[in-house]
Amino acid sequence: MKEIVFTRRFERDFRRLKRRLSPHVLDYETLEYVFELLQRGNSLPEAFREHGLEGEYAGFTECHIDADWLLIYRLTRSAIVFHRTGTHRELFRPRRVSVLRPARRRRRR
């Protein structure tokens, strides 16, 4: 059996989800089922839409616990490392880039 590891970021994401979402949306039984399957090395059923990611999360795998509740994790030989959890918007929204604009010069009259 593989070890399950939660990053600090995952723990923070999960606490935020527990506060924000109603209890009937957070299906803990399904989450435990996914943890158990992954820990045993089994593949997830099609309903979880497990797939690899690209871009910022290249090398990670994502699965859907609910329609808009995702887990992002990485499988190693001895462990499953859970990195992030949340909605599509929370995990994949474009990051705001703050661009410093040069100060406007006042025209002399």
# chains A, B, ... in the order shown; residues from 1 in each chain; ligands from 1
>>> select_by_dssp(residues="chain A", states="alpha helix (DSSP H)", output="ChimeraX atom specification")
/A:8-20,28-40,88-92
>>> residues_around(residues="Glu90 in chain A", least_positions_apart="4", cutoff="10 Å", atoms="only C-alpha atoms", output="MDAnalysis selection string")
chainID A and resid 13 69:70 84:86 94
>>> residues_around(residues="Gly52 in chain A", least_positions_apart="5", cutoff="9 Å", atoms="only C-alpha atoms", output="list of chain:residue names")
A:Tyr57, A:Ala58, A:Gly59, A:Phe60, A:Thr61, A:Glu62, A:Cys63
>>> closest_residue(among="A:Leu17, A:Ala47, A:Ile65, A:Leu37", to="Ile80 in chain A", atoms="only C-alpha atoms")
A:Leu37
>>> select_by_dssp(residues="chain A", states="strand (DSSP E)", output="PyMOL selection string")
chain A and resi 3-6+51-52+61-66+69-75+79-86
>>> write_last_selection(atoms="C-alpha atoms", output="PDB file, in the first residue's frame")
ATOM      1  CA  GLU A   3       1.533   6.177   1.762  1.00  0.00           C
ATOM      2  CA  ILE A   4      -0.846   9.141   1.503  1.00  0.00           C
ATOM      3  CA  VAL A   5       0.808  12.544   1.849  1.00  0.00           C
ATOM      4  CA  PHE A   6      -1.032  15.868   2.052  1.00  0.00           C
ATOM      5  CA  HIS A  51      -6.491  12.484 -16.417  1.00  0.00           C
ATOM      6  CA  GLY A  52      -3.023  13.986 -16.593  1.00  0.00           C
ATOM      7  CA  THR A  61      -3.023  13.927 -12.230  1.00  0.00           C
ATOM      8  CA  GLU A  62      -6.504  15.300 -11.638  1.00  0.00           C
ATOM      9  CA  CYS A  63      -9.736  13.558 -10.745  1.00  0.00           C
ATOM     10  CA  HIS A  64     -13.257  14.836 -10.157  1.00  0.00           C
ATOM     11  CA  ILE A  65     -14.828  13.998  -6.806  1.00  0.00           C
ATOM     12  CA  ASP A  66     -17.937  15.938  -7.814  1.00  0.00           C
ATOM     13  CA  TRP A  69     -14.677  19.456  -6.902  1.00  0.00           C
ATOM     14  CA  LEU A  70     -11.225  18.397  -8.077  1.00  0.00           C
ATOM     15  CA  LEU A  71      -8.191  16.663  -6.591  1.00  0.00           C
ATOM     16  CA  ILE A  72      -4.730  17.318  -7.998  1.00  0.00           C
ATOM     17  CA  TYR A  73      -2.131  14.753  -7.004  1.00  0.00           C
ATOM     18  CA  ARG A  74       1.090  13.061  -8.025  1.00  0.00           C
ATOM     19  CA  LEU A  75       1.766   9.333  -7.875  1.00  0.00           C
ATOM     20  CA  ALA A  79       3.301   7.508  -2.068  1.00  0.00           C
ATOM     21  CA  ILE A  80       0.381   9.522  -3.355  1.00  0.00           C
ATOM     22  CA  VAL A  81       1.025  13.206  -2.783  1.00  0.00           C
ATOM     23  CA  PHE A  82      -2.120  15.337  -2.785  1.00  0.00           C
ATOM     24  CA  HIS A  83      -1.180  18.872  -3.836  1.00  0.00           C
ATOM     25  CA  ARG A  84      -4.425  20.815  -4.364  1.00  0.00           C
ATOM     26  CA  THR A  85      -8.182  20.516  -4.100  1.00  0.00           C
ATOM     27  CA  GLY A  86     -10.947  22.901  -5.050  1.00  0.00           C
TER      28      GLY A  86
END
>>> decode(residues="range 28-77 of chain A", atoms="N, CA and C atoms", output="mmCIF file, in the first residue's frame")
data_model
loop_
_atom_site.group_PDB
_atom_site.id
_atom_site.type_symbol
_atom_site.label_atom_id
_atom_site.label_comp_id
_atom_site.auth_asym_id
_atom_site.auth_seq_id
_atom_site.Cartn_x
_atom_site.Cartn_y
_atom_site.Cartn_z
ATOM 1 N N TYR A 28 -17.695 13.008 1.819
ATOM 2 C CA TYR A 28 -16.513 12.420 2.424
ATOM 3 C C TYR A 28 -16.368 10.934 2.095
ATOM 4 N N GLU A 29 -17.471 10.241 1.931
ATOM 5 C CA GLU A 29 -17.400 8.818 1.591
ATOM 6 C C GLU A 29 -16.747 8.620 0.227
ATOM 7 N N THR A 30 -17.112 9.454 -0.717
ATOM 8 C CA THR A 30 -16.511 9.355 -2.051
ATOM 9 C C THR A 30 -15.030 9.697 -1.980
ATOM 10 N N LEU A 31 -14.693 10.702 -1.213
ATOM 11 C CA LEU A 31 -13.286 11.086 -1.060
ATOM 12 C C LEU A 31 -12.479 9.945 -0.444
ATOM 13 N N GLU A 32 -13.003 9.313 0.588
ATOM 14 C CA GLU A 32 -12.321 8.179 1.207
ATOM 15 C C GLU A 32 -12.194 7.012 0.234
ATOM 16 N N TYR A 33 -13.214 6.804 -0.582
ATOM 17 C CA TYR A 33 -13.184 5.752 -1.592
ATOM 18 C C TYR A 33 -12.047 5.997 -2.592
ATOM 19 N N VAL A 34 -11.902 7.239 -3.037
ATOM 20 C CA VAL A 34 -10.821 7.582 -3.964
ATOM 21 C C VAL A 34 -9.470 7.371 -3.300
ATOM 22 N N PHE A 35 -9.322 7.822 -2.053
ATOM 23 C CA PHE A 35 -8.064 7.621 -1.328
ATOM 24 C C PHE A 35 -7.722 6.131 -1.245
ATOM 25 N N GLU A 36 -8.715 5.320 -0.921
ATOM 26 C CA GLU A 36 -8.505 3.886 -0.773
ATOM 27 C C GLU A 36 -8.082 3.238 -2.092
ATOM 28 N N LEU A 37 -8.776 3.580 -3.183
ATOM 29 C CA LEU A 37 -8.415 3.014 -4.489
ATOM 30 C C LEU A 37 -6.994 3.393 -4.895
ATOM 31 N N LEU A 38 -6.658 4.655 -4.733
ATOM 32 C CA LEU A 38 -5.318 5.107 -5.114
ATOM 33 C C LEU A 38 -4.255 4.479 -4.227
ATOM 34 N N GLN A 39 -4.543 4.353 -2.940
ATOM 35 C CA GLN A 39 -3.583 3.776 -2.016
ATOM 36 C C GLN A 39 -3.295 2.314 -2.363
ATOM 37 N N ARG A 40 -4.287 1.606 -2.833
ATOM 38 C CA ARG A 40 -4.099 0.203 -3.221
ATOM 39 C C ARG A 40 -3.500 0.048 -4.611
ATOM 40 N N GLY A 41 -3.366 1.148 -5.347
ATOM 41 C CA GLY A 41 -2.788 1.084 -6.679
ATOM 42 C C GLY A 41 -3.791 0.775 -7.768
ATOM 43 N N ASN A 42 -5.075 0.829 -7.446
ATOM 44 C CA ASN A 42 -6.117 0.570 -8.445
ATOM 45 C C ASN A 42 -6.407 1.831 -9.252
ATOM 46 N N SER A 43 -6.902 1.632 -10.454
ATOM 47 C CA SER A 43 -7.306 2.790 -11.256
ATOM 48 C C SER A 43 -8.711 3.212 -10.832
ATOM 49 N N LEU A 44 -8.996 4.479 -11.036
ATOM 50 C CA LEU A 44 -10.303 5.016 -10.654
ATOM 51 C C LEU A 44 -11.333 4.717 -11.737
ATOM 52 N N PRO A 45 -12.603 4.525 -11.355
ATOM 53 C CA PRO A 45 -13.664 4.339 -12.355
ATOM 54 C C PRO A 45 -13.795 5.572 -13.255
ATOM 55 N N GLU A 46 -14.352 5.384 -14.421
ATOM 56 C CA GLU A 46 -14.525 6.471 -15.402
ATOM 57 C C GLU A 46 -15.269 7.677 -14.843
ATOM 58 N N ALA A 47 -16.161 7.456 -13.894
ATOM 59 C CA ALA A 47 -16.968 8.548 -13.340
ATOM 60 C C ALA A 47 -16.109 9.651 -12.715
ATOM 61 N N PHE A 48 -14.891 9.315 -12.314
ATOM 62 C CA PHE A 48 -14.013 10.306 -11.677
ATOM 63 C C PHE A 48 -13.186 11.107 -12.684
ATOM 64 N N ARG A 49 -13.286 10.745 -13.949
ATOM 65 C CA ARG A 49 -12.613 11.479 -15.041
ATOM 66 C C ARG A 49 -11.148 11.785 -14.718
ATOM 67 N N GLU A 50 -10.416 10.768 -14.361
ATOM 68 C CA GLU A 50 -8.997 10.907 -14.018
ATOM 69 C C GLU A 50 -8.189 11.176 -15.291
ATOM 70 N N HIS A 51 -7.330 12.176 -15.262
ATOM 71 C CA HIS A 51 -6.491 12.484 -16.417
ATOM 72 C C HIS A 51 -5.273 13.290 -15.995
ATOM 73 N N GLY A 52 -4.242 13.231 -16.833
ATOM 74 C CA GLY A 52 -3.023 13.986 -16.593
ATOM 75 C C GLY A 52 -3.221 15.457 -16.931
ATOM 76 N N LEU A 53 -2.396 16.298 -16.342
ATOM 77 C CA LEU A 53 -2.509 17.736 -16.563
ATOM 78 C C LEU A 53 -1.308 18.259 -17.328
ATOM 79 N N GLU A 54 -1.466 19.442 -17.879
ATOM 80 C CA GLU A 54 -0.402 20.116 -18.636
ATOM 81 C C GLU A 54 -0.175 21.491 -18.048
ATOM 82 N N GLY A 55 0.790 22.183 -18.608
ATOM 83 C CA GLY A 55 1.047 23.558 -18.198
ATOM 84 C C GLY A 55 1.647 23.631 -16.806
ATOM 85 N N GLU A 56 1.070 24.489 -15.981
ATOM 86 C CA GLU A 56 1.576 24.708 -14.631
ATOM 87 C C GLU A 56 1.586 23.412 -13.807
ATOM 88 N N TYR A 57 0.647 22.519 -14.081
ATOM 89 C CA TYR A 57 0.526 21.264 -13.336
ATOM 90 C C TYR A 57 1.000 20.058 -14.146
ATOM 91 N N ALA A 58 1.930 20.251 -15.054
ATOM 92 C CA ALA A 58 2.449 19.144 -15.852
ATOM 93 C C ALA A 58 3.042 18.086 -14.926
ATOM 94 N N GLY A 59 2.718 16.825 -15.194
ATOM 95 C CA GLY A 59 3.208 15.731 -14.368
ATOM 96 C C GLY A 59 2.269 15.361 -13.230
ATOM 97 N N PHE A 60 1.219 16.140 -13.040
ATOM 98 C CA PHE A 60 0.231 15.859 -12.007
ATOM 99 C C PHE A 60 -0.980 15.188 -12.638
ATOM 100 N N THR A 61 -1.783 14.567 -11.794
ATOM 101 C CA THR A 61 -3.023 13.927 -12.230
ATOM 102 C C THR A 61 -4.176 14.612 -11.522
ATOM 103 N N GLU A 62 -5.309 14.682 -12.215
ATOM 104 C CA GLU A 62 -6.504 15.300 -11.638
ATOM 105 C C GLU A 62 -7.640 14.298 -11.709
ATOM 106 N N CYS A 63 -8.497 14.324 -10.685
ATOM 107 C CA CYS A 63 -9.736 13.558 -10.745
ATOM 108 C C CYS A 63 -10.856 14.409 -10.165
ATOM 109 N N HIS A 64 -12.077 14.092 -10.582
ATOM 110 C CA HIS A 64 -13.257 14.836 -10.157
ATOM 111 C C HIS A 64 -13.982 14.047 -9.076
ATOM 112 N N ILE A 65 -14.059 14.612 -7.879
ATOM 113 C CA ILE A 65 -14.828 13.998 -6.806
ATOM 114 C C ILE A 65 -16.308 14.286 -7.031
ATOM 115 N N ASP A 66 -16.589 15.495 -7.487
ATOM 116 C CA ASP A 66 -17.937 15.938 -7.814
ATOM 117 C C ASP A 66 -17.817 16.723 -9.115
ATOM 118 N N ALA A 67 -18.900 17.225 -9.633
ATOM 119 C CA ALA A 67 -18.859 17.965 -10.902
ATOM 120 C C ALA A 67 -17.849 19.101 -10.868
ATOM 121 N N ASP A 68 -17.773 19.811 -9.760
ATOM 122 C CA ASP A 68 -16.824 20.926 -9.678
ATOM 123 C C ASP A 68 -15.985 20.858 -8.398
ATOM 124 N N TRP A 69 -15.595 19.641 -8.024
ATOM 125 C CA TRP A 69 -14.677 19.456 -6.902
ATOM 126 C C TRP A 69 -13.554 18.557 -7.407
ATOM 127 N N LEU A 70 -12.354 19.084 -7.476
ATOM 128 C CA LEU A 70 -11.225 18.397 -8.077
ATOM 129 C C LEU A 70 -10.150 18.061 -7.062
ATOM 130 N N LEU A 71 -9.405 16.995 -7.334
ATOM 131 C CA LEU A 71 -8.191 16.663 -6.591
ATOM 132 C C LEU A 71 -7.034 16.692 -7.568
ATOM 133 N N ILE A 72 -5.950 17.336 -7.195
ATOM 134 C CA ILE A 72 -4.730 17.318 -7.998
ATOM 135 C C ILE A 72 -3.672 16.612 -7.168
ATOM 136 N N TYR A 73 -3.087 15.558 -7.754
ATOM 137 C CA TYR A 73 -2.131 14.753 -7.004
ATOM 138 C C TYR A 73 -1.044 14.218 -7.924
ATOM 139 N N ARG A 74 -0.010 13.676 -7.288
ATOM 140 C CA ARG A 74 1.090 13.061 -8.025
ATOM 141 C C ARG A 74 1.344 11.677 -7.443
ATOM 142 N N LEU A 75 1.482 10.705 -8.302
ATOM 143 C CA LEU A 75 1.766 9.333 -7.875
ATOM 144 C C LEU A 75 3.261 9.081 -7.945
ATOM 145 N N THR A 76 3.815 8.526 -6.880
ATOM 146 C CA THR A 76 5.208 8.083 -6.883
ATOM 147 C C THR A 76 5.209 6.584 -6.598
ATOM 148 N N ARG A 77 6.376 5.974 -6.564
ATOM 149 C CA ARG A 77 6.432 4.534 -6.306
ATOM 150 C C ARG A 77 5.877 4.169 -4.941
#
